[in-house]
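Heads up: the structure comes next, in structure tokens.
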Amino acid sequence: RAATKIQVLKVMLVAGDCLLIGLQPILVHMSKDANGRFAYSPVSVNFLTEVTKCVFAICLLFYYANKPGPEGKSLRSWDKVKTAARKNVLLAVPSLLYAINNYLKFVMQLYFRPATVKMLSNLKVLTIAMLLKVIMH
């Protein structure tokens, strides 16, 4: 019974993710003004999105640090948190690339229709496959 609930949750999460990813270019396109420009700064939107993610991650860190047990205790140790941060500092590179990619999606929406933006952004799958083939070969 619990396994079924987990499976249903997984399906709902994937379906929700697909829905939101599919709606993103349409909603961004609908947020343009009559002149085809954004009434807000795409850089600010991306920055606030990344800040929100960081705040959410920090809240989860505090939540799990206050749980009893060895996992919570290890998160309460400042030295262990600093060590983990040092080990993961290289993750800043893909996160920066991700933020740049999100900004480029906004810029693309200024010049293309939503369906075209979605098709062009899906070219990243082909690009990743080709890069992996070249790098891993």
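Residues in the structure tokens are named by chain (A, B, ... in the order shown) and by number from 1 within that chain; ligands are numbered from 1 in the order shown.
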Secondary structure check, helix (DSSP H, G or I) residues of range 25-87 of chain A, as number ranges by chain: A: 25-30, 42-65, 70-76, 78-87
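Taking CA of Pro114 in chain A as the reference point, CA of Pro25 in chain A is found at 5.1 Å.
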Contacts of Ser74 in chain A within 9 Å, only C-alpha atoms, excl. fewer than 6 positions in-chain, as a compact mmCIF listing (two decimals) with N, CA and C atoms, in the first residue's frame:
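Written output follows (part.txt):
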```txt
# COMPACT_ATOMS: atom_id res chain seq x y z
N ALA A 65 18.61 19.64 10.11
CA ALA A 65 19.61 19.76 11.17
C ALA A 65 18.97 19.63 12.54
N LYS A 80 31.68 20.30 9.63
CA LYS A 80 31.22 19.35 8.61
C LYS A 80 30.49 20.07 7.48
N VAL A 81 29.76 21.11 7.80
CA VAL A 81 29.07 21.88 6.76
C VAL A 81 30.09 22.59 5.88
```
Neighbour list for range 31-43 of chain A as a list in words, cut-off 10 Å, only C-alpha atoms, skip fewer than 3 positions in-chain: Pro25, Ile26, Leu27, Val28, Asn46, Phe47, Leu48, Thr49, Ala99, Ile100, Asn102, Tyr103, Leu104, Lys105, Phe106, Val107, Gln109, Leu110 and Tyr111 of chain A
Selection file, all heavy atoms, as a compact mmCIF listing (two decimals), in the first residue's frame:
```txt
# COMPACT_ATOMS: atom_id res chain seq x y z
N PRO A 25 7.14 28.42 -21.52
CA PRO A 25 7.26 29.39 -22.61
C PRO A 25 5.95 30.11 -22.93
O PRO A 25 5.97 31.28 -23.31
CB PRO A 25 7.73 28.55 -23.81
CG PRO A 25 7.57 27.14 -23.43
CD PRO A 25 7.45 27.07 -21.95
N ILE A 26 4.84 29.43 -22.75
CA ILE A 26 3.54 30.06 -23.02
C ILE A 26 3.28 31.17 -22.01
O ILE A 26 2.88 32.28 -22.37
CB ILE A 26 2.41 29.01 -23.00
CG1 ILE A 26 2.63 28.00 -24.14
CG2 ILE A 26 1.05 29.66 -23.12
CD1 ILE A 26 1.79 26.76 -24.04
N LEU A 27 3.51 30.88 -20.74
CA LEU A 27 3.27 31.89 -19.70
C LEU A 27 4.22 33.07 -19.83
O LEU A 27 3.81 34.22 -19.64
CB LEU A 27 3.39 31.24 -18.31
CG LEU A 27 2.34 30.19 -17.99
CD1 LEU A 27 2.64 29.52 -16.66
CD2 LEU A 27 0.95 30.79 -18.00
N VAL A 28 5.47 32.80 -20.17
CA VAL A 28 6.42 33.90 -20.36
C VAL A 28 5.98 34.75 -21.56
O VAL A 28 6.02 35.98 -21.50
CB VAL A 28 7.86 33.37 -20.55
CG1 VAL A 28 8.80 34.47 -20.97
CG2 VAL A 28 8.35 32.73 -19.26
N ASN A 46 15.43 35.90 -13.01
CA ASN A 46 16.34 34.77 -12.81
C ASN A 46 17.08 34.88 -11.48
O ASN A 46 17.24 33.88 -10.78
CB ASN A 46 17.34 34.68 -13.96
CG ASN A 46 16.71 34.11 -15.20
OD1 ASN A 46 15.93 33.18 -15.13
ND2 ASN A 46 17.02 34.69 -16.33
N PHE A 47 17.50 36.07 -11.12
CA PHE A 47 18.21 36.26 -9.85
C PHE A 47 17.30 35.90 -8.68
O PHE A 47 17.69 35.17 -7.77
CB PHE A 47 18.71 37.70 -9.73
CG PHE A 47 19.39 37.98 -8.43
CD1 PHE A 47 20.65 37.47 -8.16
CD2 PHE A 47 18.75 38.72 -7.45
CE1 PHE A 47 21.28 37.71 -6.95
CE2 PHE A 47 19.36 38.98 -6.24
CZ PHE A 47 20.63 38.47 -5.98
N LEU A 48 16.08 36.40 -8.70
CA LEU A 48 15.15 36.11 -7.61
C LEU A 48 14.78 34.63 -7.56
O LEU A 48 14.57 34.07 -6.47
CB LEU A 48 13.89 36.97 -7.74
CG LEU A 48 14.11 38.46 -7.44
CD1 LEU A 48 12.84 39.25 -7.74
CD2 LEU A 48 14.54 38.67 -6.00
N THR A 49 14.71 33.98 -8.72
CA THR A 49 14.46 32.55 -8.75
C THR A 49 15.58 31.79 -8.06
O THR A 49 15.34 30.90 -7.23
CB THR A 49 14.29 32.06 -10.20
OG1 THR A 49 13.22 32.75 -10.81
CG2 THR A 49 14.06 30.57 -10.27
N ALA A 99 21.75 29.14 -14.75
CA ALA A 99 21.18 30.48 -14.63
C ALA A 99 21.30 31.24 -15.96
O ALA A 99 20.36 31.93 -16.38
CB ALA A 99 21.87 31.25 -13.51
N ILE A 100 22.44 31.09 -16.63
CA ILE A 100 22.62 31.74 -17.94
C ILE A 100 21.63 31.16 -18.94
O ILE A 100 21.02 31.90 -19.73
CB ILE A 100 24.08 31.58 -18.42
CG1 ILE A 100 25.02 32.40 -17.54
CG2 ILE A 100 24.22 31.98 -19.88
CD1 ILE A 100 26.49 32.11 -17.77
N ASN A 102 18.69 29.89 -18.33
CA ASN A 102 17.36 30.43 -18.03
C ASN A 102 17.21 31.85 -18.56
O ASN A 102 16.15 32.23 -19.07
CB ASN A 102 17.10 30.39 -16.52
CG ASN A 102 16.77 29.01 -16.04
OD1 ASN A 102 16.40 28.15 -16.83
ND2 ASN A 102 16.92 28.78 -14.76
N TYR A 103 18.25 32.66 -18.43
CA TYR A 103 18.18 34.03 -18.96
C TYR A 103 18.04 34.00 -20.48
O TYR A 103 17.26 34.75 -21.06
CB TYR A 103 19.43 34.82 -18.55
CG TYR A 103 19.47 36.17 -19.19
CD1 TYR A 103 18.58 37.17 -18.81
CD2 TYR A 103 20.37 36.45 -20.20
CE1 TYR A 103 18.59 38.41 -19.42
CE2 TYR A 103 20.39 37.69 -20.80
CZ TYR A 103 19.51 38.67 -20.42
OH TYR A 103 19.52 39.88 -21.02
N LEU A 104 18.80 33.12 -21.13
CA LEU A 104 18.72 33.02 -22.59
C LEU A 104 17.32 32.61 -23.06
O LEU A 104 16.87 33.04 -24.11
CB LEU A 104 19.77 32.06 -23.12
CG LEU A 104 21.21 32.55 -23.02
CD1 LEU A 104 22.17 31.46 -23.48
CD2 LEU A 104 21.42 33.81 -23.82
N LYS A 105 16.63 31.79 -22.26
CA LYS A 105 15.26 31.41 -22.62
C LYS A 105 14.36 32.65 -22.64
O LYS A 105 13.51 32.79 -23.52
CB LYS A 105 14.71 30.39 -21.62
CG LYS A 105 15.26 29.01 -21.80
CD LYS A 105 14.64 28.08 -20.78
CE LYS A 105 15.29 26.74 -20.78
NZ LYS A 105 14.76 25.87 -19.72
N PHE A 106 14.55 33.56 -21.68
CA PHE A 106 13.77 34.79 -21.68
C PHE A 106 14.10 35.64 -22.91
O PHE A 106 13.20 36.16 -23.56
CB PHE A 106 14.06 35.61 -20.41
CG PHE A 106 13.14 35.32 -19.27
CD1 PHE A 106 13.52 34.45 -18.28
CD2 PHE A 106 11.90 35.92 -19.19
CE1 PHE A 106 12.67 34.17 -17.22
CE2 PHE A 106 11.04 35.66 -18.15
CZ PHE A 106 11.43 34.78 -17.15
N VAL A 107 15.37 35.75 -23.22
CA VAL A 107 15.78 36.57 -24.37
C VAL A 107 15.23 35.96 -25.66
O VAL A 107 14.75 36.68 -26.54
CB VAL A 107 17.32 36.69 -24.43
CG1 VAL A 107 17.76 37.36 -25.70
CG2 VAL A 107 17.83 37.47 -23.22
N GLN A 109 12.53 34.43 -26.01
CA GLN A 109 11.10 34.70 -26.09
C GLN A 109 10.79 36.07 -26.68
O GLN A 109 9.68 36.32 -27.12
CB GLN A 109 10.47 34.58 -24.70
CG GLN A 109 10.60 33.20 -24.14
CD GLN A 109 9.31 32.45 -24.11
OE1 GLN A 109 8.25 32.98 -24.40
NE2 GLN A 109 9.39 31.20 -23.76
N LEU A 110 11.79 36.95 -26.68
CA LEU A 110 11.58 38.26 -27.30
C LEU A 110 11.51 38.15 -28.82
O LEU A 110 10.89 38.97 -29.49
CB LEU A 110 12.71 39.23 -26.92
CG LEU A 110 12.72 39.72 -25.49
CD1 LEU A 110 13.99 40.50 -25.21
CD2 LEU A 110 11.50 40.58 -25.21
N TYR A 111 12.16 37.13 -29.37
CA TYR A 111 12.30 37.04 -30.82
C TYR A 111 11.56 35.87 -31.46
O TYR A 111 11.40 35.84 -32.68
CB TYR A 111 13.79 36.96 -31.17
CG TYR A 111 14.57 38.13 -30.63
CD1 TYR A 111 15.36 37.99 -29.51
CD2 TYR A 111 14.47 39.38 -31.23
CE1 TYR A 111 16.07 39.07 -29.01
CE2 TYR A 111 15.17 40.47 -30.73
CZ TYR A 111 15.97 40.31 -29.62
OH TYR A 111 16.65 41.37 -29.11
```
Straight-line distance linking CA of Lys118 in chain A with CA of Val8 in chain A, stated in Å to one decimal: 27.6 Å
